[in-house]
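Each remark here refers to the structure printed beneath this line.
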Amino acid sequence: MDAQTLQHVQLFDKCKNYTAARDVQSAGLYPYFKPISQSEDTVVTIEGKQKIMMGSNNYLGLTHHPAVLEASRDALQRYGSGCTGSRFLNGTLDLHEMLEARLAEFLNKEAALVLSTGYQANLGLISCLVGRGDVVLIDKLDHASIVDGAKMSYGQTERFAHRNMEQLEALMVKHADRGKMIVVDGVYSMEGDVADLPSLIAVAQRHGAALAVDDAHSIGVLGPQGDGTAAHFGVVDDVDVIVGTFSKSLASIGGFIAATNEVIHYLKHRSRPLIFSAALPPANTAGVLAALEVMIREPERRELLWKNTHHLQTAMKDLGFDIGPSTTPIVPVLIGPMDGTFVFWRKLFDAGIFTNPVVPPAVKPSECRLRTSLMATHTPDQIDFAIETFAKLGKEAGII
């Protein structure tokens, strides 16, 4: 084709003009998409050098557990590498149904539904249940999957300030005659704090609203058996829907929704993200089943997780770092400006500590942070090394 006949594609201008990430790359401070060439639980190899992994959501350290690996290998041999179809048609395995039954029992709900990712679970729940004339009410710090699920629905979205029950109450009054669903994170991934479920339940019940809790960061962490935020507060019967992921404590990928038989039956037949996505592969499904059993069988892992959490939190606060309202294994270290956060991340990375920089739009421009996450399998020496490194670099940077 003659070059003169080619038309300018305006749609791609935004791609050409996007330079923010390349500027950070040019400065040698780019922290994202770092390829890991080997993983040994709490230690990973990146760019040929070992780093202590302080940025993983592998809370119980189960990604290398022999029982999980064996179950995954066995399923791979029995079922093959993938389901090659949706749950709705040819993609449902007996493994999926076994996992759903086990999750429902574990969470004390009537039924559960397994999806291919945790992100998809929130999309599938909210977009399916919140219809025209309904309203979904979400905390301003809710995960992006909740926000996107609300956008996909045909209902109206209302956002209330983080943990602000008065504002939520006012929105309930405003929408008194409409179908309503409140959706919150159990543990907030950027703050590390826990949802106030007792207060949320009181508001929901006064106004006839459904309450859904995303326990992505709560399963394996909170609750008497690692069974989540509702179990932690003793209010399982008052939470209508529990959503979660397998990509954190359960050491795989995938997601689930747990609720009444009626709700799950409706979602199975009406939720587009479920119906039009390929099913969770066999090896992943079997690995989750095994991880769930290990989690229940080895409660000492959760005890070690909390021991490590309290050790890091106490030390960081004693040093003068601001870790915000965190009360969980998510321990954010507030740095402030974005540029300083990237510089601090790079110095930690070079010193052998892998953390996650969190910058806008995930947080306010003045509240950039490095997010650390504890694992049950972190050794005391590894945590102490991280604390000493944070202290040294924090003093050099004038942060503490």
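Residues are referred to by chain and number: the chain letter is A, B, ... according to the order shown in the structure tokens, the number counts from 1 in that chain, and ligands are numbered separately from 1 in the order shown.
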Please list as a PyMOL selection string every residue within 10 Å of range 56-71 of chain A, counting only C-alpha atoms and excluding residues in the same chain fewer than 3 positions away. chain A and resi 39-42+53+74-76+189+216-221+247-252+282-295+298-306+329-330+354-356+371-378
What lies within 6 Å of range 190-198 of chain A using only C-alpha atoms, ignoring chain neighbours under 6 positions off, as an MDAnalysis selection string? chainID A and resid 325:328 330
Next, write the just-selected residues to a file, as a compact mmCIF listing (two decimals), in the first residue's frame, keeping C-alpha atoms as the atom set.
# COMPACT_ATOMS: atom_id res chain seq x y z
CA PRO A 325 -3.11 1.51 60.44
CA SER A 326 -1.83 -1.97 59.57
CA THR A 327 -2.79 -4.78 61.95
CA THR A 328 -2.10 -7.66 59.54
CA ILE A 330 0.57 -6.46 55.11
Nearest to Leu137 in chain A: which of A:Leu107, A:Val333, A:Ala391, A:Ala170 is it, counting only C-alpha atoms?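 Among the listed residues, the smallest separation from Leu137 in chain A belongs to A:Ala170.
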Given only C-alpha atoms, how would the per-residue table for range 239-307 of chain A near range 152-163 of chain A read, listing every residue at most 12 Å away with its closest atom pair and distance in Å to one decimal, sorted by chain and number, as a tab-separated table?
residue	atom	partner	partner_atom	distance
A:Ser271	CA	A:Ser153	CA	10.9
A:Arg272	CA	A:Met152	CA	10.5
A:Pro273	CA	A:Met152	CA	10.4
Using the selection just defined, write its residues with N, CA and C atoms as an mmCIF file, in the first residue's frame.
data_model
loop_
_atom_site.group_PDB
_atom_site.id
_atom_site.type_symbol
_atom_site.label_atom_id
_atom_site.label_comp_id
_atom_site.auth_asym_id
_atom_site.auth_seq_id
_atom_site.Cartn_x
_atom_site.Cartn_y
_atom_site.Cartn_z
ATOM 1 N N SER A 271 -23.885 -15.517 35.347
ATOM 2 C CA SER A 271 -22.682 -14.688 35.481
ATOM 3 C C SER A 271 -21.788 -14.830 34.252
ATOM 4 N N ARG A 272 -21.706 -13.784 33.460
ATOM 5 C CA ARG A 272 -20.949 -13.829 32.197
ATOM 6 C C ARG A 272 -19.445 -14.086 32.405
ATOM 7 N N PRO A 273 -18.784 -13.479 33.395
ATOM 8 C CA PRO A 273 -17.362 -13.791 33.580
ATOM 9 C C PRO A 273 -17.095 -15.263 33.864
#
Report as a list in words: the residues of range 136-185 of chain A with a DSSP assignment of strand (DSSP E), based on the backbone of this structure.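 Of range 136-185 of chain A, the ones in strand (DSSP E) are Val136, Leu137, Ile138, Asp139, Gln156, Thr157, Glu158, Arg159, Phe160, Lys180, Met181, Ile182, Val183, Val184 and Asp185 of chain A.
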Using only C-alpha atoms: which of A:Ala104, A:Ile335, A:Val44, A:Ala386 has the shortest distance to Val359 in chain A: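 For Val359 in chain A, the nearest of the given residues is A:Ile335.
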Residues near Val147 in chain A, anyone? I mean within 10 Å using only C-alpha atoms, not counting same-chain ones fewer than 2 positions away, as a ChimeraX atom specification. /A:122-123,126,136-145,149-152,157,159,183
Rounded to one decimal place, report the CA of Phe276 in chain A-CA of Gly254 in chain A distance in Å.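 These two atoms are separated by 15.1 Å.
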Shortest interatomic distance to Cys368 in chain A - which of A:Ile399, A:Leu29, A:Val343, A:Leu334, counting only C-alpha atoms: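 Smallest distance to Cys368 in chain A is found for A:Leu334.
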